[in-house]
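> Quick one: the structure is below, and I'll ask about it shortly.
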4 protein chains.
Amino acid sequence: MTAGPLAIGIDIGGTKIAGALVDVEGEVLATDRVVSPATEPAAIESAVAGLVASLATGVEVQAVGVGAAGYVDAARANVLFAPNIAWRDEPLGADLTAMTGLPVVIENDANAAAWGEFRFGAGRDVDDQLMVTVGTGVGGGIISGGRLLRGAFGAAGEIGHLCVVPDGVLCGCGNRGCLEQYGSGSALVRDARSTAGGGSRLAAGLRERAGGDPMAITGPMVTTAAREGDRFAIGLFEQLGHWLGHGIASLVEVLDPAVVVIGGGVSDAGSLLLDPLRSSFEQRLVGRGYRSVAEIRTAELGNRAGVIGAADLART
Amino acid sequence: MTAGPLAIGIDIGGTKIAGALVDVEGEVLATDRVVSPATEPAAIESAVAGLVASLATGVEVQAVGVGAAGYVDAARANVLFAPNIAWRDEPLGADLTAMTGLPVVIENDANAAAWGEFRFGAGRDVDDQLMVTVGTGVGGGIISGGRLLRGAFGAAGEIGHLCVVPDGVLCGCGNRGCLEQYGSGSALVRDARSTAGGGSRLAAGLRERAGGDPMAITGPMVTTAAREGDRFAIGLFEQLGHWLGHGIASLVEVLDPAVVVIGGGVSDAGSLLLDPLRSSFEQRLVGRGYRSVAEIRTAELGNRAGVIGAADLART
Amino acid sequence: MTAGPLAIGIDIGGTKIAGALVDVEGEVLATDRVVSPATEPAAIESAVAGLVASLATGVEVQAVGVGAAGYVDAARANVLFAPNIAWRDEPLGADLTAMTGLPVVIENDANAAAWGEFRFGAGRDVDDQLMVTVGTGVGGGIISGGRLLRGAFGAAGEIGHLCVVPDGVLCGCGNRGCLEQYGSGSALVRDARSTAGGGSRLAAGLRERAGGDPMAITGPMVTTAAREGDRFAIGLFEQLGHWLGHGIASLVEVLDPAVVVIGGGVSDAGSLLLDPLRSSFEQRLVGRGYRSVAEIRTAELGNRAGVIGAADLART
Amino acid sequence: MTAGPLAIGIDIGGTKIAGALVDVEGEVLATDRVVSPATEPAAIESAVAGLVASLATGVEVQAVGVGAAGYVDAARANVLFAPNIAWRDEPLGADLTAMTGLPVVIENDANAAAWGEFRFGAGRDVDDQLMVTVGTGVGGGIISGGRLLRGAFGAAGEIGHLCVVPDGVLCGCGNRGCLEQYGSGSALVRDARSTAGGGSRLAAGLRERAGGDPMAITGPMVTTAAREGDRFAIGLFEQLGHWLGHGIASLVEVLDPAVVVIGGGVSDAGSLLLDPLRSSFEQRLVGRGYRSVAEIRTAELGNRAGVIGAADLART
């Protein structure tokens, strides 16, 4: 038996588009997915409409929420800019409404995932939550006083570009020292490859796992090696955790959340990442004995956070 | 002729307590102030009650808003912690209501000032504003989607403790490299005294203004010297502006405001501070040509922002 | 009329091998050069021997000095390691002596150039000189008390790997934040291309000079643009000079030279580089009014410093 | 039975003046010491002359070597500047020769200690040694190719002012981020007091040892606490070791010593300091598998290094 009216949540990712039928308590009743049809806007819209049609078959759907990487306007209808798809001021909401006959709201994908965790996951008992998504990049979503922060230009929560090292590593954004260059899965792999490629004995284990080719080292390889006790791989996670904890400590000063939820694919590494992250975070809180501070928790909804959050946001 | 129902705003500062009678359009109809009676909670409450009585004489007052340095609970009634006054879970709101017979709300003083600028000052045309107050310390207040961010423990907006230099200057908070140690009036004076005390010829002009005693150098002295062309004093403001612009750029990534309002006593230095601040901020935006970003503006309400904001918040 | 016995200096570079016949006063009597025959040790030795034979024709030559990128042993006879040529414990000195019938000494090329400037160039009036060579990389050579520092493993003077930014830009050497990543010609071009490639309007001028292709931007293009007033190009040199001055200030603390000589291809940019370099260096000396410090000078021998220095070292 | 002609070494410290009668093999035959008579140049000279007379009684002394904090001229006769004594271009050598009737040479005290370790201690088997003295400050002495580096103004080896953190902690020298502010005993105590003073629970153990007064925490207290397993005290040494290893790695790039000798009072902490120092140093050498690098050793002569080195330098 399902709770209340249903909504569909869609998560447009780089390699696939995922959809879910979700009830008002965040329960997923059905899911579906298609391979992401390149970066063609029209093809993506068709694929999304197809997923909606499939998921809506035989049930009554109230609304559709779509999460996509990009900046979304205040009306939650247009994508102002997307980094990986050729969307510029794209009327995605209107197009999809026309195609599906349902009310559609568009949200930034990291914000949708943060909302999912806030409503039904690790942050469901608080009003103020910062979510940090550690994947290829470092993303984030901020809930403050029970509301999702969208920002003036749909770009709030882009915590990956907090500068943690002045004059540090150059980022694709054009700046130096962004958190994303120190705390993401890409940073982990880049550093593993670079050290292995430099011929260091420290990285001998990783090089071997990659068949001798440093450029063949992957994130999962580093995780496996670390789990099996490879000191260098463990050290790479310690570095990652160090910088994430450092950046989160700054964000906690500014945002004062009750809970920081750590999600994203790299967080699957568990204590390998979270122990040094917590240690670094707490070290920054030295001397702050006088007041309450945020608790760090792991995400609970896994990669369903996005579709669950998008569906829920479609109803609000 | 005044607009609508009136409220009283109170700003409890370190050296004085200021009060104002404010209408719904943010106009100040009357002001009053008393010297701050040390750090005795009871004495401060009496002083505030006295100011309210004085300002309320002969007019009908709807509510009282009180801004104070410290963390305020979600009910806007209790001060959880104050850095300079012996308030720990102080029921300031209830006490003052009992003493004045009026509804009283308590707010963090930086948040009250940010709200004042947002409603009636430099940010009155936008929904998303970050205010940066550059005084003895560096404070802040965040308005997002038209709402003031308070945080889970009343501490949102403490931007002075964003870490800008890993392993940098030790801060009173126990951490290293906080923005406050690089972008505040105290940092300006500390560096001026330190260089002058070290015997540098660069600081000869400032040393002379201070009668030869480096420790007698004050902020206003540095400002005057800079205005009169003293290269070293100008350089100190450039440093300050550099770090403020740097920190603000990070905050803009996270919060995505439409406007950043720069206020506080040090901002009276005008272009001495704001030119390098803007330059540093814009340099961080290199390569971001594709999207709208926050505009940096100077505060408009001066030191009345706090009382105007507190009064307005009392009505909401 | 030539002064005293003659020596031949050879400079083995990445693209060409240069030779010169030099008298005891550092005057160059004849020069010759050949294209560098790839990275084949035997071919390089033949090419060097050919140059020596050519330059020695009709004159009496006392010795041959050879400068090469790499670490040279204490006997100045063997190349322990060379970054770009397949030399590992290469008996270059013995081989060349056998081929030329002349005494041969091998020196690190940056050390040879530093020695040339020290004996006959910008440092000829002092006993303690640091030379900083700003080219593709950042190299150096140290003369202290009139003697060239070689180090225990032939690697003294590798100032390009002084760490200037903890956790900074990754260097080919495996570390982060090396001076070479902030103060070399490669850093200049890398940053120019990166900003231009990111689409920044700031780099529009440079992009245009490169025919619209950011990766086609070259060092000379940046220099020309800066000379013609391009603000962004000027800023790139300011950054370079800033970090070089910063690093040199640290080195001056450790080495206490009388003179710092700035050479290398990038130093041809003149005041574009040297003004910010000096400014940054002097800023670090604030408060040091009490004692003498190193003077910063430009190199005088240009790209002949290497052959002149190598020839002179062959006689000592 | 003593070896060869004898020399006297004197070490002028802040609290005492130590003297020793030393043979050519570095053996100490007799020692004497007096309390340092404040900072009065004449009184210090008298005290030194008294020590020399006492140590020279009944034996034939060849020369006297005096180590003092300060910059010494190239003739090793005059103190150009001393940080703690009112010496400015002080003809200390001539004065002491007149008073003692013996040849006197003056050396910087850190250089004298480095020379002692080089000739008779931890570096006696190599030609290239960097000594790092970790005490109240961070000092150093460089031996390259068997010779002591003095520098153009007697200031070579001042490694404590290598910048390790751009924009870091302000140093007494007027700059920011000097190694001395991160790797000295003073830094250790400063950080311990500061954290304890901030009320952190982490520092509860140290606060207790100091009788509740954070400012009463001393270096030996931190060492004892660390030895007894206090996590916070151990962490303070880890920080110290981290930065020393970081700075030493940069110096090794520039100077290429065969051995780095770690001495000074703080190094008595042994593995508490040396383990993290070595770990940090070796981490910086990642990817450098192709060549020999310096070995890190502990000093062997303890606080006698200065007098032994001074005596030996007097004979050269």
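Each chain of the structure tokens is named A, B, ... in the order shown, its residues numbered from 1; ligands are numbered from 1 in display order.
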Give me, as a ChimeraX atom specification, all polymer residues having an atom no more than 8 Å from Ala156 of chain B, counting only C-alpha atoms and skipping those fewer than 3 positions away in the same chain.

/A:253-256 /B:141-142,149-153

> Output C-alpha atoms of each residue in that selection to a file, as a compact mmCIF listing (two decimals), in the first residue's frame.


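Result file is part_38.txt:
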```txt
# COMPACT_ATOMS: atom_id res chain seq x y z
CA GLU A 253 31.33 28.06 10.40
CA VAL A 254 29.40 29.85 7.69
CA LEU A 255 26.26 27.72 7.49
CA ASP A 256 25.89 26.24 11.00
CA GLY B 141 24.92 37.81 7.65
CA ILE B 142 23.29 35.74 4.93
CA LEU B 149 19.86 32.22 7.67
CA ARG B 150 20.12 31.54 11.38
CA GLY B 151 21.63 28.05 11.41
CA ALA B 152 20.98 25.13 13.70
CA PHE B 153 22.69 26.71 16.69
```

> What are the residues of chain D lining chain B at 8 Å or less? Count only C-alpha atoms, and put the answer as an NGL selection string.

:D and (165 or 167-170 or 172-174 or 177 or 194-195 or 198)

> Pick out each residue of segment 81-164 of chain B that DSSP on the backbone tags as alpha helix (DSSP H); I need them as a count of residues only.

21

> Excluding Ser250 of chain C and residues on its chain fewer than 4 positions from it, collect all residues at most 8 Å away from it, counting only C-alpha atoms, and give them as a VMD selection string.

(chain C and resid 246 254) or (chain D and resid 161 to 163)

> Give me, as a VMD selection string, all polymer residues having an atom no more than 9 Å from Val134 of chain C, counting only C-alpha atoms and skipping those fewer than 4 positions away in the same chain.

chain C and resid 138 to 140 180 183 to 185 244 262 to 267

> One decimal, Å: what's the distance from atom CA of Leu21 of chain B over to atom CA of Asp89 of chain B, could you say?

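Spanning atom CA of Leu21 of chain B to atom CA of Asp89 of chain B is a straight-line distance of 27.7 Å.
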
> Check the DSSP output for the backbone and give back, as a PDB file with N, CA and C atoms, in the first residue's frame, the residues of segment 203-263 of chain D in strand (DSSP E or B).


```pdb
ATOM      1  N   VAL D 259      74.541  14.335   4.439  1.00  0.00           N
ATOM      2  CA  VAL D 259      73.968  14.065   5.747  1.00  0.00           C
ATOM      3  C   VAL D 259      73.287  15.316   6.271  1.00  0.00           C
ATOM      4  N   VAL D 260      72.123  15.128   6.873  1.00  0.00           N
ATOM      5  CA  VAL D 260      71.484  16.204   7.626  1.00  0.00           C
ATOM      6  C   VAL D 260      71.535  15.813   9.095  1.00  0.00           C
ATOM      7  N   VAL D 261      72.170  16.640   9.896  1.00  0.00           N
ATOM      8  CA  VAL D 261      72.311  16.355  11.324  1.00  0.00           C
ATOM      9  C   VAL D 261      71.287  17.189  12.089  1.00  0.00           C
ATOM     10  N   ILE D 262      70.480  16.515  12.898  1.00  0.00           N
ATOM     11  CA  ILE D 262      69.466  17.218  13.687  1.00  0.00           C
ATOM     12  C   ILE D 262      69.953  17.339  15.123  1.00  0.00           C
ATOM     13  N   GLY D 263      70.122  18.554  15.592  1.00  0.00           N
ATOM     14  CA  GLY D 263      70.572  18.767  16.961  1.00  0.00           C
ATOM     15  C   GLY D 263      69.712  19.798  17.668  1.00  0.00           C
TER      16      GLY D 263
END
```

> By how many Å are atom CA of Val61 of chain C and atom CA of Val28 of chain C apart?

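Straight-line distance from atom CA of Val61 of chain C to atom CA of Val28 of chain C works out to 13.3 Å.
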